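Engineer: What follows is start_12.tsv, made up of TSV, N, CA and C atoms:
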```
chain	number	residue	atom	x	y	z
A	834	MET	N	127.89	105.61	66.68
A	834	MET	CA	127.03	105.18	67.76
A	834	MET	C	126.79	106.35	68.71
A	835	SER	N	125.55	106.57	69.02
A	835	SER	CA	125.18	107.67	69.90
A	835	SER	C	125.12	107.18	71.34
A	836	LEU	N	125.81	107.87	72.24
A	836	LEU	CA	125.80	107.51	73.65
A	836	LEU	C	124.69	108.30	74.35
A	837	THR	N	123.59	107.64	74.49
A	837	THR	CA	122.49	108.26	75.23
A	837	THR	C	122.45	107.64	76.62
A	838	LEU	N	121.67	108.23	77.47
A	838	LEU	CA	121.57	107.73	78.83
A	838	LEU	C	121.03	106.30	78.86
A	839	SER	N	120.05	106.02	78.00
A	839	SER	CA	119.49	104.67	77.99
A	839	SER	C	120.52	103.65	77.49
A	840	THR	N	121.36	104.03	76.56
A	840	THR	CA	122.41	103.13	76.07
A	840	THR	C	123.42	102.84	77.17
A	841	ILE	N	123.80	103.88	77.90
A	841	ILE	CA	124.77	103.71	78.99
A	841	ILE	C	124.19	102.84	80.10
A	842	LEU	N	122.93	103.09	80.45
A	842	LEU	CA	122.29	102.28	81.49
A	842	LEU	C	122.14	100.83	81.06
A	843	ALA	N	121.79	100.60	79.81
A	843	ALA	CA	121.65	99.23	79.32
A	843	ALA	C	123.00	98.51	79.36
A	844	ALA	N	124.05	99.21	79.01
A	844	ALA	CA	125.39	98.61	79.05
A	844	ALA	C	125.80	98.30	80.49
A	845	ALA	N	125.49	99.19	81.39
A	845	ALA	CA	125.84	98.96	82.80
A	845	ALA	C	125.06	97.78	83.37
A	846	GLU	N	123.79	97.66	83.02
A	846	GLU	CA	122.98	96.54	83.48
A	846	GLU	C	123.50	95.23	82.90
A	847	HIS	N	123.90	95.27	81.64
A	847	HIS	CA	124.44	94.07	81.00
A	847	HIS	C	125.75	93.67	81.67
A	848	ALA	N	126.60	94.65	81.97
A	848	ALA	CA	127.88	94.36	82.61
A	848	ALA	C	127.67	93.82	84.02
A	849	ALA	N	126.65	94.28	84.71
A	849	ALA	CA	126.37	93.81	86.07
A	849	ALA	C	125.67	92.47	86.08
A	850	GLY	N	125.19	92.03	84.93
A	850	GLY	CA	124.53	90.74	84.84
A	850	GLY	C	123.08	90.78	85.28
A	851	ALA	N	122.49	91.93	85.32
A	851	ALA	CA	121.09	92.04	85.72
A	851	ALA	C	120.20	91.53	84.60
A	852	THR	N	119.20	90.77	85.00
A	852	THR	CA	118.26	90.24	84.01
A	852	THR	C	116.92	90.93	84.18
A	853	SER	N	116.09	90.77	83.19
A	853	SER	CA	114.77	91.37	83.28
A	853	SER	C	113.93	90.73	84.38
A	854	GLU	N	114.20	89.45	84.67
A	854	GLU	CA	113.49	88.79	85.76
A	854	GLU	C	113.87	89.41	87.10
A	855	GLU	N	115.15	89.75	87.26
A	855	GLU	CA	115.58	90.40	88.51
A	855	GLU	C	114.94	91.76	88.66
A	856	HIS	N	114.84	92.49	87.55
A	856	HIS	CA	114.20	93.80	87.60
A	856	HIS	C	112.71	93.66	87.94
A	857	ALA	N	112.06	92.67	87.37
A	857	ALA	CA	110.65	92.47	87.66
A	857	ALA	C	110.45	92.11	89.12
A	858	ALA	N	111.33	91.29	89.68
A	858	ALA	CA	111.23	90.92	91.10
A	858	ALA	C	111.48	92.12	91.98
A	859	ALA	N	112.41	92.96	91.59
A	859	ALA	CA	112.70	94.17	92.38
A	859	ALA	C	111.52	95.13	92.35
A	860	GLU	N	110.87	95.24	91.21
A	860	GLU	CA	109.71	96.12	91.11
A	860	GLU	C	108.54	95.61	91.94
A	861	GLU	N	108.39	94.29	92.05
A	861	GLU	CA	107.31	93.73	92.85
A	861	GLU	C	107.48	94.05	94.32
A	862	HIS	N	108.71	94.12	94.79
A	862	HIS	CA	108.98	94.34	96.20
A	862	HIS	C	109.32	95.80	96.51
A	863	HIS	N	108.91	96.70	95.65
A	863	HIS	CA	109.16	98.12	95.86
A	863	HIS	C	108.35	98.62	97.04
A	864	LYS	N	109.02	99.28	97.97
A	864	LYS	CA	108.34	99.80	99.16
A	864	LYS	C	107.87	101.23	98.90
A	865	SER	N	106.81	101.58	99.56
A	865	SER	CA	106.28	102.93	99.43
A	865	SER	C	107.23	103.92	100.09
A	866	GLU	N	107.43	105.06	99.45
A	866	GLU	CA	108.28	106.10	99.98
A	866	GLU	C	107.50	107.10	100.84
A	867	ALA	N	106.21	106.85	101.01
A	867	ALA	CA	105.35	107.77	101.76
A	867	ALA	C	105.84	108.01	103.19
A	868	PRO	N	106.28	106.97	103.95
A	868	PRO	CA	106.74	107.26	105.31
A	868	PRO	C	107.90	108.26	105.35
A	869	PHE	N	108.82	108.15	104.40
A	869	PHE	CA	109.94	109.08	104.35
A	869	PHE	C	109.46	110.50	104.04
A	870	PHE	N	108.56	110.62	103.07
A	870	PHE	CA	108.08	111.95	102.71
A	870	PHE	C	107.26	112.57	103.84
A	871	ILE	N	106.50	111.77	104.55
A	871	ILE	CA	105.69	112.30	105.65
A	871	ILE	C	106.58	112.75	106.80
A	872	THR	N	107.51	111.88	107.24
A	872	THR	CA	108.38	112.27	108.34
A	872	THR	C	109.31	113.41	107.95
A	873	GLY	N	109.76	113.42	106.71
A	873	GLY	CA	110.59	114.52	106.23
A	873	GLY	C	109.84	115.84	106.23
A	874	ALA	N	108.58	115.81	105.80
A	874	ALA	CA	107.77	117.03	105.79
A	874	ALA	C	107.51	117.54	107.20
A	875	ILE	N	107.26	116.61	108.13
A	875	ILE	CA	107.06	117.01	109.52
A	875	ILE	C	108.33	117.64	110.08
A	876	LEU	N	109.48	117.06	109.77
A	876	LEU	CA	110.76	117.61	110.23
A	876	LEU	C	110.99	119.00	109.67
A	877	VAL	N	110.71	119.20	108.40
A	877	VAL	CA	110.89	120.51	107.78
A	877	VAL	C	109.95	121.54	108.40
A	878	MET	N	108.68	121.17	108.59
A	878	MET	CA	107.73	122.11	109.19
A	878	MET	C	108.14	122.46	110.62
A	879	PHE	N	108.62	121.48	111.37
A	879	PHE	CA	109.09	121.73	112.73
A	879	PHE	C	110.28	122.68	112.72
A	880	ALA	N	111.23	122.45	111.84
A	880	ALA	CA	112.42	123.31	111.76
A	880	ALA	C	112.05	124.74	111.39
A	881	ILE	N	111.12	124.89	110.47
A	881	ILE	CA	110.68	126.24	110.08
A	881	ILE	C	109.97	126.92	111.24
A	882	ALA	N	109.09	126.18	111.93
A	882	ALA	CA	108.36	126.75	113.06
A	882	ALA	C	109.31	127.18	114.16
A	883	ILE	N	110.28	126.35	114.49
A	883	ILE	CA	111.25	126.69	115.53
A	883	ILE	C	112.07	127.92	115.12
A	884	SER	N	112.43	128.00	113.86
A	884	SER	CA	113.19	129.16	113.38
A	884	SER	C	112.38	130.44	113.48
A	885	VAL	N	111.13	130.38	113.06
A	885	VAL	CA	110.27	131.58	113.11
A	885	VAL	C	110.08	132.03	114.56
A	886	VAL	N	109.78	131.09	115.43
A	886	VAL	CA	109.58	131.44	116.84
A	886	VAL	C	110.87	131.99	117.43
A	887	GLY	N	111.99	131.38	117.10
A	887	GLY	CA	113.28	131.83	117.61
A	887	GLY	C	113.64	133.23	117.15
A	888	PHE	N	113.30	133.57	115.92
A	888	PHE	CA	113.59	134.93	115.42
A	888	PHE	C	112.66	135.96	116.05
A	889	LYS	N	111.42	135.59	116.26
A	889	LYS	CA	110.45	136.54	116.83
A	889	LYS	C	110.61	136.71	118.33
A	890	LYS	N	111.09	135.68	119.00
A	890	LYS	CA	111.20	135.70	120.45
A	890	LYS	C	112.65	135.33	120.83
A	891	PRO	N	113.51	136.33	121.04
A	891	PRO	CA	114.93	136.05	121.28
A	891	PRO	C	115.21	135.18	122.51
A	892	ASP	N	114.34	135.19	123.50
A	892	ASP	CA	114.58	134.40	124.70
A	892	ASP	C	113.97	133.00	124.61
A	893	PHE	N	113.59	132.57	123.40
A	893	PHE	CA	113.02	131.24	123.21
A	893	PHE	C	114.11	130.20	123.26
A	894	PRO	N	113.95	129.08	123.85
A	894	PRO	CA	112.92	128.71	124.81
A	894	PRO	C	113.22	129.34	126.17
A	895	GLY	N	112.22	129.44	126.99
A	895	GLY	CA	112.31	130.20	128.23
A	895	GLY	C	113.26	129.65	129.27
A	896	ASN	N	113.41	128.34	129.34
A	896	ASN	CA	114.29	127.76	130.37
A	896	ASN	C	115.01	126.53	129.83
A	897	ALA	N	115.88	125.98	130.68
A	897	ALA	CA	116.70	124.85	130.25
A	897	ALA	C	115.86	123.60	129.98
A	898	GLY	N	114.79	123.41	130.74
A	898	GLY	CA	113.93	122.24	130.53
A	898	GLY	C	113.24	122.29	129.19
A	899	ALA	N	112.75	123.47	128.82
A	899	ALA	CA	112.11	123.62	127.52
A	899	ALA	C	113.12	123.42	126.39
A	900	ALA	N	114.34	123.90	126.58
A	900	ALA	CA	115.38	123.72	125.56
A	900	ALA	C	115.69	122.24	125.36
A	901	ARG	N	115.77	121.50	126.48
A	901	ARG	CA	116.01	120.06	126.37
A	901	ARG	C	114.86	119.35	125.67
A	902	GLY	N	113.64	119.79	125.95
A	902	GLY	CA	112.48	119.20	125.29
A	902	GLY	C	112.49	119.44	123.79
A	903	ILE	N	112.83	120.66	123.38
A	903	ILE	CA	112.92	121.00	121.95
A	903	ILE	C	114.02	120.18	121.29
A	904	MET	N	115.16	120.04	121.97
A	904	MET	CA	116.25	119.26	121.40
A	904	MET	C	115.87	117.78	121.29
A	905	ALA	N	115.17	117.26	122.30
A	905	ALA	CA	114.75	115.86	122.26
A	905	ALA	C	113.76	115.62	121.13
A	906	LEU	N	112.81	116.53	120.97
A	906	LEU	CA	111.84	116.40	119.88
A	906	LEU	C	112.53	116.49	118.52
A	907	SER	N	113.48	117.40	118.40
A	907	SER	CA	114.24	117.53	117.15
A	907	SER	C	114.99	116.24	116.84
A	908	ALA	N	115.66	115.69	117.85
A	908	ALA	CA	116.41	114.45	117.65
A	908	ALA	C	115.47	113.30	117.28
A	909	ALA	N	114.32	113.23	117.92
A	909	ALA	CA	113.36	112.17	117.62
A	909	ALA	C	112.86	112.28	116.18
A	910	LEU	N	112.59	113.50	115.72
A	910	LEU	CA	112.13	113.68	114.35
A	910	LEU	C	113.22	113.32	113.34
A	911	VAL	N	114.47	113.66	113.64
A	911	VAL	CA	115.58	113.31	112.74
A	911	VAL	C	115.75	111.79	112.69
A	912	VAL	N	115.70	111.14	113.85
A	912	VAL	CA	115.83	109.68	113.88
A	912	VAL	C	114.68	109.02	113.12
A	913	ALA	N	113.47	109.54	113.28
A	913	ALA	CA	112.32	108.97	112.57
A	913	ALA	C	112.48	109.12	111.05
A	914	THR	N	112.95	110.28	110.62
A	914	THR	CA	113.15	110.52	109.19
A	914	THR	C	114.25	109.62	108.64
A	915	LEU	N	115.36	109.51	109.36
A	915	LEU	CA	116.44	108.64	108.90
A	915	LEU	C	116.02	107.18	108.89
A	916	SER	N	115.28	106.78	109.90
A	916	SER	CA	114.80	105.39	109.95
A	916	SER	C	113.87	105.07	108.79
A	917	SER	N	113.00	106.01	108.47
A	917	SER	CA	112.09	105.76	107.35
A	917	SER	C	112.86	105.74	106.03
A	918	ALA	N	113.90	106.54	105.90
A	918	ALA	CA	114.72	106.52	104.69
A	918	ALA	C	115.44	105.18	104.56
A	919	ILE	N	115.96	104.67	105.66
A	919	ILE	CA	116.64	103.37	105.64
A	919	ILE	C	115.64	102.26	105.32
A	920	TYR	N	114.45	102.33	105.91
A	920	TYR	CA	113.41	101.33	105.65
A	920	TYR	C	113.06	101.28	104.16
A	921	VAL	N	112.93	102.45	103.55
A	921	VAL	CA	112.57	102.50	102.13
A	921	VAL	C	113.72	101.98	101.28
A	922	ALA	N	114.95	102.27	101.68
A	922	ALA	CA	116.11	101.89	100.88
A	922	ALA	C	116.41	100.40	100.93
A	923	ILE	N	116.06	99.76	102.03
A	923	ILE	CA	116.41	98.34	102.18
A	923	ILE	C	115.35	97.45	101.59
```
Could you write out this file's structure as structure tokens?

Structural biologist:
Amino acid sequence: MSLTLSTILAAAEHAAGATSEEHAAAEEHHKSEAPFFITGAILVMFAIAISVVGFKKPDFPGNAGAARGIMALSAALVVATLSSAIYVAI
């Protein structure tokens, strides 16, 4: 008997008691992953932009208020990305 990935997955599904009807129902309620990819891409672009500006301008950001604003925006983007990941997963 050859142990292929499909054989192992079929055995695991059988052991878990999953039926084809359950799989069909799960596929019908599949959520789009687009919000996660969009917020993740925005977070990545923001991180790259901040890094480039920080390397080119050593005194970036100019004052404490600007630093707090950058940190707040960073935290908001991370929370948005994590929230969209949780939304897609649930």

Engineer: Hey, can you check how far atom N of Lys890 in chain A sits from atom N of Ser907 in chain A?

Structural biologist: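 About the pair atom N of Lys890 in chain A and atom N of Ser907 in chain A: they are 18.4 Å apart.
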
Engineer: In terms of the shortest atom-to-atom distance over only C-alpha atoms, which of A:Ala880, A:Val921, A:Val886, A:Ala867 is closest to Leu906 in chain A?

Structural biologist: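 Checking each candidate against Leu906 in chain A, we get A:Ala880 as the closest.
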
Engineer: Compile the contact shell of Ala918 in chain A as a PyMOL selection string: residues with an atom at most 7 Å away, counting all atoms listed in the file, same-chain residues fewer than 5 positions apart removed.

Structural biologist: chain A and resi 868-869+913+923

Engineer: Can you pull out every residue from chain A that DSSP, working from the backbone, puts in helix (DSSP H, G or I), and format the result as a PyMOL selection string?

Structural biologist: chain A and resi 838-849+853-861+867-889+897-922

Engineer: To one decimal place, how far is atom C of His863 in chain A from CA of Ile841 in chain A in Å?

Structural biologist: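 These two atoms are separated by 24.9 Å.
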
Engineer: Expressed in Å to a single decimal, how great is the separation between CA of Tyr920 in chain A and CA of Lys864 in chain A?

Structural biologist: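 Calculated distance between CA of Tyr920 in chain A and CA of Lys864 in chain A is 8.4 Å.
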
Engineer: For Ile875 in chain A, please output as a list in words all residues within 9 Å (counting only C-alpha atoms; exclusion window: fewer than 5 positions along the same chain).

Structural biologist: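 Counting only the stated atoms, we get Phe870, Ala880, Leu910 and Thr914 of chain A.
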
Engineer: With distances taken over only N, CA and C atoms, which residue among A:Ala844, A:Ile903, A:Thr872, A:Ser865 lies nearest Leu915 in chain A?

Structural biologist: A:Thr872
